[in-house]
file coords.cif (mmCIF, C-alpha atoms)
data_entry
#
loop_
_atom_site.group_PDB
_atom_site.id
_atom_site.type_symbol
_atom_site.label_atom_id
_atom_site.label_comp_id
_atom_site.auth_asym_id
_atom_site.auth_seq_id
_atom_site.Cartn_x
_atom_site.Cartn_y
_atom_site.Cartn_z
ATOM 1 C CA GLU A 1 -4.653 -5.318 -2.948
ATOM 2 C CA LYS A 2 -3.887 -5.345 0.751
ATOM 3 C CA ASP A 3 -0.549 -6.630 1.968
ATOM 4 C CA ASP A 4 -1.261 -9.313 4.585
ATOM 5 C CA ARG A 5 1.939 -8.429 6.432
ATOM 6 C CA PHE A 6 0.359 -5.155 7.446
ATOM 7 C CA GLY A 7 -3.141 -6.312 8.351
ATOM 8 C CA LYS A 8 -6.491 -5.561 6.722
ATOM 9 C CA ILE A 9 -6.385 -1.935 5.788
ATOM 10 C CA GLY A 10 -7.333 -0.352 2.487
ATOM 11 C CA SER A 11 -4.236 0.475 0.444
ATOM 12 C CA ASP A 12 -5.489 3.945 -0.545
ATOM 13 C CA ARG A 13 -6.272 4.807 3.073
ATOM 14 C CA LEU A 14 -2.929 3.411 4.189
ATOM 15 C CA ASP A 15 -1.068 5.602 1.702
ATOM 16 C CA ARG A 16 -2.944 8.710 2.907
ATOM 17 C CA LEU A 17 -2.217 7.937 6.542
ATOM 18 C CA LEU A 18 1.446 7.380 5.754
ATOM 19 C CA VAL A 19 1.579 10.817 4.135
ATOM 20 C CA SER A 20 -0.021 12.259 7.270
ATOM 21 C CA ALA A 21 2.502 10.491 9.479
ATOM 22 C CA HIS A 22 5.347 11.758 7.267
ATOM 23 C CA HIS A 23 4.245 15.367 7.728
ATOM 24 C CA VAL A 24 4.073 14.916 11.503
ATOM 25 C CA THR A 25 7.514 13.357 11.816
ATOM 26 C CA MET A 26 9.455 15.662 9.458
ATOM 27 C CA GLY A 27 12.054 17.633 11.369
ATOM 28 C CA CYS A 28 11.483 15.863 14.678
ATOM 29 C CA GLY A 29 12.783 12.362 14.059
ATOM 30 C CA TYR A 30 10.903 9.134 13.529
ATOM 31 C CA SER A 31 7.602 8.690 15.344
ATOM 32 C CA THR A 32 6.014 5.289 15.973
ATOM 33 C CA VAL A 33 2.575 6.904 16.409
ATOM 34 C CA PRO A 34 1.347 8.339 13.095
ATOM 35 C CA GLU A 35 -1.319 11.006 13.214
ATOM 36 C CA VAL A 36 -4.807 9.718 12.410
ATOM 37 C CA PRO A 37 -6.753 12.317 10.398
ATOM 38 C CA GLU A 38 -10.302 11.681 11.562
ATOM 39 C CA GLY A 39 -10.612 9.333 14.568
ATOM 40 C CA VAL A 40 -13.933 7.604 15.228
ATOM 41 C CA LEU A 41 -17.414 8.333 13.939
ATOM 42 C CA ILE A 42 -20.426 7.399 16.097
ATOM 43 C CA VAL A 43 -23.635 7.325 14.052
ATOM 44 C CA ALA A 44 -26.984 7.512 15.861
ATOM 45 C CA THR A 45 -30.623 7.642 14.811
ATOM 46 C CA ASN A 46 -32.736 10.743 14.238
ATOM 47 C CA THR A 47 -35.971 8.749 14.552
ATOM 48 C CA SER A 48 -38.145 9.009 17.658
ATOM 49 C CA LEU A 49 -41.554 7.863 16.384
ATOM 50 C CA LEU A 50 -41.969 4.719 14.322
ATOM 51 C CA GLU A 51 -44.402 1.922 13.631
ATOM 52 C CA MET A 52 -43.554 -1.241 15.559
ATOM 53 C CA LYS A 53 -45.005 -4.691 14.970
ATOM 54 C CA GLU A 54 -46.025 -6.372 18.216
ATOM 55 C CA VAL A 55 -45.986 -10.068 19.131
ATOM 56 C CA GLY A 56 -49.676 -10.434 18.307
ATOM 57 C CA GLY A 57 -49.168 -9.004 14.829
ATOM 58 C CA GLN A 58 -50.755 -5.607 15.420
ATOM 59 C CA VAL A 59 -48.786 -2.494 14.500
ATOM 60 C CA LYS A 60 -48.568 0.551 16.746
ATOM 61 C CA VAL A 61 -46.710 3.835 16.745
ATOM 62 C CA ALA A 62 -44.067 3.810 19.474
ATOM 63 C CA THR A 63 -41.729 6.450 20.875
ATOM 64 C CA HIS A 64 -38.111 5.346 21.040
ATOM 65 C CA GLY A 65 -34.905 6.923 19.696
ATOM 66 C CA ALA A 66 -31.251 6.162 20.401
ATOM 67 C CA TRP A 67 -30.195 4.216 23.493
ATOM 68 C CA LEU A 68 -27.975 6.533 25.507
ATOM 69 C CA GLU A 69 -25.492 3.916 26.731
ATOM 70 C CA SER A 70 -24.780 2.818 23.158
ATOM 71 C CA ILE A 71 -23.476 6.327 22.489
ATOM 72 C CA VAL A 72 -21.856 7.144 25.826
ATOM 73 C CA ALA A 73 -19.867 3.932 26.360
ATOM 74 C CA PRO A 74 -18.073 4.006 22.981
ATOM 75 C CA TYR A 75 -17.599 7.762 23.279
ATOM 76 C CA ARG A 76 -15.765 7.264 26.589
ATOM 77 C CA VAL A 77 -13.690 4.342 25.322
ATOM 78 C CA PHE A 78 -12.508 6.210 22.234
ATOM 79 C CA LYS A 79 -11.924 9.530 24.014
ATOM 80 C CA ASP A 80 -9.975 7.812 26.784
ATOM 81 C CA ALA A 81 -7.810 6.258 24.066
ATOM 82 C CA GLY A 82 -6.991 9.742 22.798
ATOM 83 C CA LEU A 83 -9.043 9.614 19.608
ATOM 84 C CA LYS A 84 -11.149 12.378 18.158
ATOM 85 C CA VAL A 85 -14.835 11.378 18.300
ATOM 86 C CA THR A 86 -17.498 12.795 15.987
ATOM 87 C CA ILE A 87 -21.196 12.124 16.591
ATOM 88 C CA ALA A 88 -23.269 12.069 13.417
ATOM 89 C CA SER A 89 -26.740 11.151 12.210
ATOM 90 C CA LEU A 90 -28.451 10.828 8.856
ATOM 91 C CA GLY A 91 -30.335 14.093 9.157
ATOM 92 C CA GLY A 92 -27.931 15.978 11.413
ATOM 93 C CA GLY A 93 -29.077 17.986 14.409
ATOM 94 C CA ALA A 94 -30.882 16.523 17.405
ATOM 95 C CA ILE A 95 -30.558 12.851 18.306
ATOM 96 C CA PRO A 96 -33.647 11.751 20.262
ATOM 97 C CA ILE A 97 -32.816 9.647 23.307
ATOM 98 C CA ASP A 98 -35.105 6.789 24.294
ATOM 99 C CA THR A 99 -36.497 7.758 27.705
ATOM 100 C CA TRP A 100 -36.237 4.144 28.853
ATOM 101 C CA SER A 101 -32.455 4.440 28.578
ATOM 102 C CA LEU A 102 -32.558 7.309 31.092
ATOM 103 C CA ALA A 103 -34.488 5.337 33.687
ATOM 104 C CA GLY A 104 -33.411 3.490 36.815
ATOM 105 C CA GLY A 105 -30.906 0.719 36.292
ATOM 106 C CA GLN A 106 -30.497 1.531 32.599
ATOM 107 C CA LEU A 107 -28.620 4.780 33.253
ATOM 108 C CA THR A 108 -24.948 4.299 34.128
ATOM 109 C CA GLU A 109 -22.841 6.830 36.012
ATOM 110 C CA ASP A 110 -21.048 7.694 32.775
ATOM 111 C CA GLY A 111 -24.389 8.110 31.058
ATOM 112 C CA LYS A 112 -25.702 10.381 33.794
ATOM 113 C CA GLU A 113 -22.570 12.527 33.681
ATOM 114 C CA PHE A 114 -22.660 12.726 29.869
ATOM 115 C CA TYR A 115 -26.338 13.654 29.744
ATOM 116 C CA GLU A 116 -26.140 16.271 32.488
ATOM 117 C CA ASN A 117 -23.005 17.926 31.130
ATOM 118 C CA LYS A 118 -23.892 20.860 28.876
ATOM 119 C CA GLU A 119 -20.967 20.312 26.512
ATOM 120 C CA THR A 120 -21.420 16.586 25.901
ATOM 121 C CA ARG A 121 -25.206 16.754 25.801
ATOM 122 C CA GLY A 122 -24.775 19.444 23.182
ATOM 123 C CA LEU A 123 -23.149 16.830 20.949
ATOM 124 C CA LEU A 124 -26.510 15.053 20.887
ATOM 125 C CA MET A 125 -28.329 18.249 19.966
ATOM 126 C CA GLN A 126 -25.949 19.245 17.183
ATOM 127 C CA SER A 127 -24.904 16.014 15.510
ATOM 128 C CA ILE A 128 -23.124 16.271 12.161
ATOM 129 C CA LYS A 129 -25.036 15.310 9.019
ATOM 130 C CA LEU A 130 -23.460 12.091 7.804
ATOM 131 C CA ALA A 131 -23.600 13.043 4.117
ATOM 132 C CA SER A 132 -21.194 15.920 4.777
ATOM 133 C CA LEU A 133 -18.539 13.423 5.896
ATOM 134 C CA ARG A 134 -19.033 10.935 3.091
ATOM 135 C CA ALA A 135 -16.163 12.022 0.845
ATOM 136 C CA ASN A 136 -13.548 11.192 3.484
ATOM 137 C CA ILE A 137 -15.288 8.255 5.142
ATOM 138 C CA ASP A 138 -12.384 5.852 4.659
ATOM 139 C CA GLU A 139 -10.057 8.134 6.595
ATOM 140 C CA TYR A 140 -11.779 7.282 9.872
ATOM 141 C CA ASP A 141 -10.309 4.655 12.155
ATOM 142 C CA ALA A 142 -13.736 3.266 12.945
ATOM 143 C CA ILE A 143 -17.459 3.812 12.556
ATOM 144 C CA PHE A 144 -19.696 2.828 15.466
ATOM 145 C CA LEU A 145 -23.440 2.305 14.936
ATOM 146 C CA ALA A 146 -25.331 3.255 18.097
ATOM 147 C CA GLY A 147 -28.335 1.168 19.118
ATOM 148 C CA GLY A 148 -31.920 1.978 19.956
ATOM 149 C CA HIS A 149 -35.205 1.068 18.278
ATOM 150 C CA GLY A 150 -35.212 4.383 16.414
ATOM 151 C CA ALA A 151 -32.562 2.891 14.123
ATOM 152 C CA LEU A 152 -35.225 0.526 12.779
ATOM 153 C CA GLY A 153 -36.725 3.636 11.197
ATOM 154 C CA ASP A 154 -34.003 5.666 9.484
ATOM 155 C CA PHE A 155 -31.046 3.235 9.501
ATOM 156 C CA ALA A 156 -33.173 0.400 8.143
ATOM 157 C CA ASN A 157 -34.414 2.465 5.216
ATOM 158 C CA SER A 158 -31.215 4.225 4.191
ATOM 159 C CA ARG A 159 -29.450 2.876 1.127
ATOM 160 C CA ASP A 160 -27.005 5.770 1.429
ATOM 161 C CA LEU A 161 -25.912 4.602 4.879
ATOM 162 C CA GLY A 162 -25.538 1.075 3.547
ATOM 163 C CA GLU A 163 -23.308 2.359 0.739
ATOM 164 C CA ILE A 164 -21.232 4.465 3.133
ATOM 165 C CA LEU A 165 -20.633 1.438 5.362
ATOM 166 C CA LYS A 166 -19.694 -0.693 2.367
ATOM 167 C CA ASN A 167 -17.092 1.852 1.249
ATOM 168 C CA ALA A 168 -15.749 2.175 4.780
ATOM 169 C CA TYR A 169 -15.530 -1.598 5.228
ATOM 170 C CA TYR A 170 -13.577 -2.117 2.019
ATOM 171 C CA GLY A 171 -11.494 0.972 2.798
ATOM 172 C CA GLY A 172 -10.062 -0.581 5.959
ATOM 173 C CA VAL A 173 -12.290 1.191 8.484
ATOM 174 C CA VAL A 174 -13.297 -0.943 11.472
ATOM 175 C CA ILE A 175 -17.106 -1.200 11.632
ATOM 176 C CA GLY A 176 -18.646 -1.563 15.093
ATOM 177 C CA GLY A 177 -22.155 -1.369 16.438
ATOM 178 C CA VAL A 178 -24.664 -2.674 18.932
ATOM 179 C CA SER A 179 -28.228 -3.932 19.028
ATOM 180 C CA GLN A 180 -30.651 -2.336 16.560
ATOM 181 C CA GLY A 181 -27.946 -0.052 15.147
ATOM 182 C CA LEU A 182 -26.570 -2.998 13.197
ATOM 183 C CA VAL A 183 -29.645 -2.919 10.965
ATOM 184 C CA ALA A 184 -27.706 -0.365 8.888
ATOM 185 C CA LEU A 185 -25.532 -3.181 7.547
ATOM 186 C CA CYS A 186 -28.571 -4.901 6.048
ATOM 187 C CA ASN A 187 -28.458 -2.384 3.194
ATOM 188 C CA SER A 188 -24.751 -2.883 2.480
ATOM 189 C CA LYS A 189 -23.687 -4.954 -0.523
ATOM 190 C CA ASP A 190 -20.413 -6.707 -1.236
ATOM 191 C CA LYS A 191 -17.846 -5.062 -3.499
ATOM 192 C CA TYR A 192 -19.528 -6.531 -6.574
ATOM 193 C CA GLY A 193 -22.912 -5.139 -5.544
ATOM 194 C CA SER A 194 -24.553 -8.533 -5.926
ATOM 195 C CA ALA A 195 -24.672 -10.084 -2.449
ATOM 196 C CA PRO A 196 -25.281 -8.806 1.087
ATOM 197 C CA LEU A 197 -22.104 -7.589 2.754
ATOM 198 C CA VAL A 198 -23.011 -9.594 5.861
ATOM 199 C CA ARG A 199 -23.362 -12.923 4.048
ATOM 200 C CA ASP A 200 -21.193 -15.493 5.875
ATOM 201 C CA ILE A 201 -20.125 -12.804 8.373
ATOM 202 C CA THR A 202 -20.310 -13.714 12.076
ATOM 203 C CA ILE A 203 -22.494 -11.093 13.719
ATOM 204 C CA THR A 204 -24.813 -10.471 16.650
ATOM 205 C CA GLY A 205 -27.417 -7.825 17.496
ATOM 206 C CA SER A 206 -30.829 -7.746 19.129
ATOM 207 C CA SER A 207 -32.153 -11.297 19.388
ATOM 208 C CA SER A 208 -35.682 -12.460 18.641
ATOM 209 C CA ASN A 209 -36.118 -13.364 22.313
ATOM 210 C CA GLU A 210 -35.072 -9.883 23.425
ATOM 211 C CA GLU A 211 -37.580 -8.222 21.130
ATOM 212 C CA LYS A 212 -40.316 -10.634 22.249
ATOM 213 C CA GLU A 213 -39.602 -9.769 25.882
ATOM 214 C CA MET A 214 -40.323 -6.155 24.985
ATOM 215 C CA GLY A 215 -43.584 -7.158 23.342
ATOM 216 C CA TYR A 216 -42.367 -6.825 19.768
ATOM 217 C CA SER A 217 -42.490 -9.327 16.936
ATOM 218 C CA PRO A 218 -39.326 -11.399 16.366
ATOM 219 C CA GLU A 219 -39.529 -10.183 12.760
ATOM 220 C CA ILE A 220 -38.020 -6.834 13.724
ATOM 221 C CA SER A 221 -34.959 -8.330 15.424
ATOM 222 C CA ILE A 222 -31.444 -8.149 14.051
ATOM 223 C CA GLU A 223 -31.345 -11.927 14.441
ATOM 224 C CA THR A 224 -34.199 -12.427 11.965
ATOM 225 C CA ARG A 225 -32.877 -9.847 9.513
ATOM 226 C CA MET A 226 -29.296 -11.149 9.515
ATOM 227 C CA LYS A 227 -30.292 -14.781 9.109
ATOM 228 C CA LYS A 228 -32.389 -13.850 6.061
ATOM 229 C CA LEU A 229 -29.291 -12.267 4.519
ATOM 230 C CA GLY A 230 -27.124 -15.322 5.132
ATOM 231 C CA ALA A 231 -25.098 -13.964 8.046
ATOM 232 C CA LYS A 232 -23.812 -16.268 10.787
ATOM 233 C CA TYR A 233 -25.877 -14.878 13.649
ATOM 234 C CA VAL A 234 -24.696 -15.681 17.188
ATOM 235 C CA SER A 235 -25.997 -14.618 20.600
ATOM 236 C CA THR A 236 -26.011 -15.361 24.298
ATOM 237 C CA PRO A 237 -28.988 -17.309 25.686
ATOM 238 C CA THR A 238 -29.467 -14.683 28.376
ATOM 239 C CA THR A 239 -30.814 -11.287 27.405
ATOM 240 C CA PHE A 240 -30.515 -7.537 27.911
ATOM 241 C CA HIS A 241 -28.085 -7.317 30.822
ATOM 242 C CA GLU A 242 -25.541 -9.876 29.602
ATOM 243 C CA PRO A 243 -22.819 -8.395 27.364
ATOM 244 C CA PHE A 244 -22.087 -10.408 24.237
ATOM 245 C CA VAL A 245 -19.685 -9.401 21.475
ATOM 246 C CA ALA A 246 -18.997 -11.019 18.107
ATOM 247 C CA SER A 247 -16.006 -10.116 15.967
ATOM 248 C CA ASP A 248 -15.470 -11.090 12.339
ATOM 249 C CA ASP A 249 -12.180 -10.687 10.509
ATOM 250 C CA MET A 250 -12.587 -13.489 7.987
ATOM 251 C CA GLY A 251 -13.814 -11.242 5.190
ATOM 252 C CA ALA A 252 -12.234 -8.228 3.518
ATOM 253 C CA GLY A 253 -12.462 -6.093 6.667
ATOM 254 C CA PHE A 254 -13.522 -5.979 10.294
ATOM 255 C CA ILE A 255 -17.011 -5.992 11.816
ATOM 256 C CA VAL A 256 -17.457 -5.946 15.597
ATOM 257 C CA SER A 257 -20.994 -6.297 16.912
ATOM 258 C CA GLY A 258 -22.646 -6.216 20.335
ATOM 259 C CA GLN A 259 -25.927 -7.959 21.055
ATOM 260 C CA ASN A 260 -27.454 -5.308 23.295
ATOM 261 C CA ALA A 261 -26.811 -1.999 25.030
ATOM 262 C CA ALA A 262 -25.058 -3.815 27.874
ATOM 263 C CA SER A 263 -22.459 -4.857 25.283
ATOM 264 C CA SER A 264 -21.626 -1.278 24.285
ATOM 265 C CA ARG A 265 -18.402 -0.865 26.251
ATOM 266 C CA LYS A 266 -16.988 -4.292 25.422
ATOM 267 C CA THR A 267 -17.835 -3.800 21.755
ATOM 268 C CA ALA A 268 -16.068 -0.438 21.698
ATOM 269 C CA GLU A 269 -13.045 -1.936 23.455
ATOM 270 C CA LYS A 270 -12.795 -4.642 20.790
ATOM 271 C CA VAL A 271 -13.115 -1.989 18.082
ATOM 272 C CA MET A 272 -10.299 -0.074 19.760
ATOM 273 C CA GLU A 273 -8.147 -3.199 19.791
ATOM 274 C CA LEU A 274 -8.542 -3.530 16.029
ATOM 275 C CA VAL A 275 -7.913 0.181 15.487
ATOM 276 C CA ARG A 276 -4.588 -0.186 17.284
ATOM 277 C CA LYS A 277 -3.784 -3.194 15.123
ATOM 278 C CA ASN A 278 -4.451 -1.184 11.966
ATOM 279 C CA ASN A 279 -2.371 1.744 13.180
ATOM 280 C CA HIS A 280 0.450 -0.632 14.081
ATOM 281 C CA ALA A 281 0.269 -1.920 10.499
ATOM 282 C CA ILE A 282 0.755 1.636 9.255
ATOM 283 C CA THR A 283 3.816 2.068 11.452
ATOM 284 C CA GLU A 284 5.325 -1.239 10.346
ATOM 285 C CA ARG A 285 4.848 -0.409 6.677
ATOM 286 C CA GLU A 286 6.427 2.999 7.183
ATOM 287 C CA LYS A 287 9.470 1.305 8.749
ATOM 288 C CA GLU A 288 9.696 -1.062 5.777
ATOM 289 C CA GLU A 289 9.544 1.799 3.293
ATOM 290 C CA GLN A 290 12.266 3.731 5.115
ATOM 291 C CA LYS A 291 14.747 0.846 4.842
#
call {"tool": "encode", "arguments": {"input": "coords.cif", "output": "structure tokens"}}
result
Amino acid sequence: EKDDRFGKIGSDRLDRLLVSAHHVTMGCGYSTVPEVPEGVLIVATNTSLLEMKEVGGQVKVATHGAWLESIVAPYRVFKDAGLKVTIASLGGGAIPIDTWSLAGGQLTEDGKEFYENKETRGLLMQSIKLASLRANIDEYDAIFLAGGHGALGDFANSRDLGEILKNAYYGGVVIGGVSQGLVALCNSKDKYGSAPLVRDITITGSSSNEEKEMGYSPEISIETRMKKLGAKYVSTPTTFHEPFVASDDMGAGFIVSGQNAASSRKTAEKVMELVRKNNHAITEREKEEQK
């Protein structure tokens, strides 16, 4: 069981991190900043072509992928905070970027710099296969689910990803994500395996109105999917360009969600806030155990 004095962090993970901190501080005095083994994992889609249901009910094959800003903004936030950032995908290798996210007002200065830089763009071409990281998933500070309609292809149909997120959630890892990326949580069950993990969880993600504005059926929205699973879906009445973040810490762990790509930075900042809280809990417990 977790000790409420030290925040919501899995006891097994906490013990491992304390061992890591002990090794760092031996011989050089007490450190209030324990080493974190893994940092943050950003998971993005491998899907570029998928069938999309339109408002009129017809189904067409559309070209999408990951939304660049939903990768770049959290990457910058976590790197600027001094954390190691790993970019992964279900299949590994190339992450297709939705061309709409590279156009006009959608492309931020950070996004432009990231995409034009050979080193950082290479991270999108050589993403790590998520399955290879599974064994140590609860050693990460956070997992961030990048958005983009491509996620409605592979994320939505991956029970493995749902199981990984469940284990991370109950292991004390902060779960964050934006827009369509949050569909991955629809396949996560509670610790008993009987109910959706998101049941009674406050969460946001792409709204039905946002999808309709793009010509797609409200059925594909995160709003529709989460409500069906019993989640407490919330959103802003404005769409696309208005950041909106929901944070839930009433369950066994933490889930931070952003409604749209414009919410990417604020969502990552909230994730970072909770990561610091967890790491502070580790430090406080170490102090207690040294008394």
call {"tool": "closest_residue", "arguments": {"input": "coords.cif", "among": "A:Ser127, A:Ser206, A:Ser158, A:Asn187", "to": "A:Pro96", "atoms": "only C-alpha atoms"}}
result
A:Ser127
call {"tool": "residues_around", "arguments": {"input": "coords.cif", "residues": "stretch 44-51 of chain A", "least_positions_apart": "4", "cutoff": "7 Å", "atoms": "all atoms listed in the file", "output": "PyMOL selection string"}}
result
chain A and resi 59-66+88-91+94-96+145-146+150-151+153-155
call {"tool": "atom_distance", "arguments": {"input": "coords.cif", "atom1": "atom CA of A:Val77", "atom2": "atom CA of A:Arg159"}}
result
28.9 Å
call {"tool": "resolve_selection", "arguments": {"input": "coords.cif", "expression": "the PyMOL selection byres ((chain A and resi 230) around 10)", "output": "mmCIF file with C-alpha atoms, keeping the file's coordinate frame"}}
result
data_model
loop_
_atom_site.group_PDB
_atom_site.id
_atom_site.type_symbol
_atom_site.label_atom_id
_atom_site.label_comp_id
_atom_site.auth_asym_id
_atom_site.auth_seq_id
_atom_site.Cartn_x
_atom_site.Cartn_y
_atom_site.Cartn_z
ATOM 1 C CA ALA A 195 -24.672 -10.084 -2.449
ATOM 2 C CA PRO A 196 -25.281 -8.806 1.087
ATOM 3 C CA LEU A 197 -22.104 -7.589 2.754
ATOM 4 C CA VAL A 198 -23.011 -9.594 5.861
ATOM 5 C CA ARG A 199 -23.362 -12.923 4.048
ATOM 6 C CA ASP A 200 -21.193 -15.493 5.875
ATOM 7 C CA ILE A 201 -20.125 -12.804 8.373
ATOM 8 C CA THR A 202 -20.310 -13.714 12.076
ATOM 9 C CA ARG A 225 -32.877 -9.847 9.513
ATOM 10 C CA MET A 226 -29.296 -11.149 9.515
ATOM 11 C CA LYS A 227 -30.292 -14.781 9.109
ATOM 12 C CA LYS A 228 -32.389 -13.850 6.061
ATOM 13 C CA LEU A 229 -29.291 -12.267 4.519
ATOM 14 C CA ALA A 231 -25.098 -13.964 8.046
ATOM 15 C CA LYS A 232 -23.812 -16.268 10.787
ATOM 16 C CA TYR A 233 -25.877 -14.878 13.649
#
call {"tool": "atom_distance", "arguments": {"input": "coords.cif", "atom1": "atom CA of A:Trp100", "atom2": "atom CA of A:Ile87"}}
result
21.0 Å
call {"tool": "resolve_selection", "arguments": {"input": "coords.cif", "expression": "the PyMOL selection byres ((chain A and resi 247) around 7)", "output": "VMD selection string"}}
result
chain A and resid 202 to 203 245 to 246 248 to 249 255 to 257
call {"tool": "closest_residue", "arguments": {"input": "coords.cif", "among": "A:Gly193, A:Gly92, A:Gly205, A:Gly39", "to": "A:Thr224", "atoms": "all atoms listed in the file"}}
result
A:Gly205
call {"tool": "atom_distance", "arguments": {"input": "coords.cif", "atom1": "atom CA of A:Lys53", "atom2": "atom CA of A:Ser179"}}
result
17.3 Å
call {"tool": "closest_atom_pairs", "arguments": {"input": "coords.cif", "of": "stretch 53-73 of chain A", "to": "stretch 117-121 of chain A", "cutoff": "12 Å", "atoms": "all atoms listed in the file", "output": "tab-separated table"}}
result
residue	atom	partner	partner_atom	distance
A:Leu68	CA	A:Arg121	CA	10.6
A:Ile71	CA	A:Thr120	CA	11.0
A:Val72	CA	A:Thr120	CA	9.5
call {"tool": "closest_residue", "arguments": {"input": "coords.cif", "among": "A:Ser208, A:Ser217, A:Asn167, A:Asn157", "to": "A:Glu54", "atoms": "all atoms listed in the file"}}
result
A:Ser217
call {"tool": "resolve_selection", "arguments": {"input": "coords.cif", "expression": "the PyMOL selection byres ((chain A and resi 67) around 6)", "output": "PDB file with C-alpha atoms, keeping the file's coordinate frame"}}
result
ATOM      1  CA  ALA A  66     -31.251   6.162  20.401  1.00  0.00           C
ATOM      2  CA  LEU A  68     -27.975   6.533  25.507  1.00  0.00           C
ATOM      3  CA  GLU A  69     -25.492   3.916  26.731  1.00  0.00           C
ATOM      4  CA  SER A  70     -24.780   2.818  23.158  1.00  0.00           C
ATOM      5  CA  ASP A  98     -35.105   6.789  24.294  1.00  0.00           C
ATOM      6  CA  SER A 101     -32.455   4.440  28.578  1.00  0.00           C
ATOM      7  CA  GLY A 147     -28.335   1.168  19.118  1.00  0.00           C
ATOM      8  CA  GLY A 148     -31.920   1.978  19.956  1.00  0.00           C
TER       9      GLY A 148
END
call {"tool": "closest_residue", "arguments": {"input": "coords.cif", "among": "A:Pro74, A:Pro218, A:Gly172, A:Gly57", "to": "A:Ala261", "atoms": "only C-alpha atoms"}}
result
A:Pro74
call {"tool": "residues_near_point", "arguments": {"input": "coords.cif", "point": "(-21.6, -12.3, 26.9)", "cutoff": "12 Å", "atoms": "only C-alpha atoms", "output": "CSV table (one decimal) with C-alpha atoms, keeping the file's coordinate frame"}}
result
chain,number,residue,atom,x,y,z
A,204,THR,CA,-24.8,-10.5,16.6
A,205,GLY,CA,-27.4,-7.8,17.5
A,234,VAL,CA,-24.7,-15.7,17.2
A,235,SER,CA,-26.0,-14.6,20.6
A,236,THR,CA,-26.0,-15.4,24.3
A,237,PRO,CA,-29.0,-17.3,25.7
A,238,THR,CA,-29.5,-14.7,28.4
A,239,THR,CA,-30.8,-11.3,27.4
A,240,PHE,CA,-30.5,-7.5,27.9
A,241,HIS,CA,-28.1,-7.3,30.8
A,242,GLU,CA,-25.5,-9.9,29.6
A,243,PRO,CA,-22.8,-8.4,27.4
A,244,PHE,CA,-22.1,-10.4,24.2
A,245,VAL,CA,-19.7,-9.4,21.5
A,246,ALA,CA,-19.0,-11.0,18.1
A,257,SER,CA,-21.0,-6.3,16.9
A,258,GLY,CA,-22.6,-6.2,20.3
A,259,GLN,CA,-25.9,-8.0,21.1
A,260,ASN,CA,-27.5,-5.3,23.3
A,261,ALA,CA,-26.8,-2.0,25.0
A,262,ALA,CA,-25.1,-3.8,27.9
A,263,SER,CA,-22.5,-4.9,25.3
A,264,SER,CA,-21.6,-1.3,24.3
A,265,ARG,CA,-18.4,-0.9,26.3
A,266,LYS,CA,-17.0,-4.3,25.4
A,267,THR,CA,-17.8,-3.8,21.8
call {"tool": "residues_near_point", "arguments": {"input": "coords.cif", "point": "(-25.3, 4.8, 0.2)", "cutoff": "10 Å", "atoms": "only C-alpha atoms", "output": "list of chain:residue names"}}
result
A:Ala131, A:Arg134, A:Ser158, A:Arg159, A:Asp160, A:Leu161, A:Gly162, A:Glu163, A:Ile164, A:Leu165, A:Lys166, A:Asn167, A:Asn187, A:Ser188, A:Lys189
call {"tool": "closest_residue", "arguments": {"input": "coords.cif", "among": "A:Thr86, A:Gly171, A:Ala156, A:Lys212", "to": "A:Cys186", "atoms": "only C-alpha atoms"}}
result
A:Ala156
call {"tool": "closest_residue", "arguments": {"input": "coords.cif", "among": "A:Ile175, A:Gly215, A:Arg76, A:Gly82", "to": "A:Glu109", "atoms": "all atoms listed in the file"}}
result
A:Arg76
call {"tool": "axis_aligned_box", "arguments": {"input": "coords.cif", "around": "stretch 265-274 of chain A", "padding_each_side": "5 Å", "output": "JSON"}}
result
{"center_x": -13.3, "center_y": -2.4, "center_z": 21.1, "size_x": 20.3, "size_y": 14.6, "size_z": 20.2}
call {"tool": "decode", "arguments": {"input": "coords.cif", "residues": "stretch 222-229 of chain A", "atoms": "N, CA and C atoms", "output": "PDB file, in the first residue's frame"}}
result
ATOM      1  N   ILE A 222     -12.834  11.528 -28.481  1.00  0.00           N
ATOM      2  CA  ILE A 222     -12.493  11.052 -27.139  1.00  0.00           C
ATOM      3  C   ILE A 222     -13.676  11.296 -26.204  1.00  0.00           C
ATOM      4  N   GLU A 223     -14.381  12.388 -26.418  1.00  0.00           N
ATOM      5  CA  GLU A 223     -15.563  12.681 -25.603  1.00  0.00           C
ATOM      6  C   GLU A 223     -16.553  11.516 -25.632  1.00  0.00           C
ATOM      7  N   THR A 224     -16.923  11.076 -26.822  1.00  0.00           N
ATOM      8  CA  THR A 224     -17.883   9.977 -26.955  1.00  0.00           C
ATOM      9  C   THR A 224     -17.354   8.700 -26.322  1.00  0.00           C
ATOM     10  N   ARG A 225     -16.102   8.383 -26.599  1.00  0.00           N
ATOM     11  CA  ARG A 225     -15.513   7.139 -26.092  1.00  0.00           C
ATOM     12  C   ARG A 225     -15.426   7.137 -24.569  1.00  0.00           C
ATOM     13  N   MET A 226     -14.993   8.254 -23.986  1.00  0.00           N
ATOM     14  CA  MET A 226     -14.828   8.312 -22.532  1.00  0.00           C
ATOM     15  C   MET A 226     -16.168   8.272 -21.806  1.00  0.00           C
ATOM     16  N   LYS A 227     -17.153   8.950 -22.347  1.00  0.00           N
ATOM     17  CA  LYS A 227     -18.473   8.932 -21.709  1.00  0.00           C
ATOM     18  C   LYS A 227     -19.054   7.525 -21.700  1.00  0.00           C
ATOM     19  N   LYS A 228     -18.828   6.771 -22.768  1.00  0.00           N
ATOM     20  CA  LYS A 228     -19.315   5.384 -22.830  1.00  0.00           C
ATOM     21  C   LYS A 228     -18.678   4.517 -21.753  1.00  0.00           C
ATOM     22  N   LEU A 229     -17.458   4.865 -21.362  1.00  0.00           N
ATOM     23  CA  LEU A 229     -16.728   4.081 -20.362  1.00  0.00           C
ATOM     24  C   LEU A 229     -16.972   4.572 -18.940  1.00  0.00           C
TER      25      LEU A 229
END
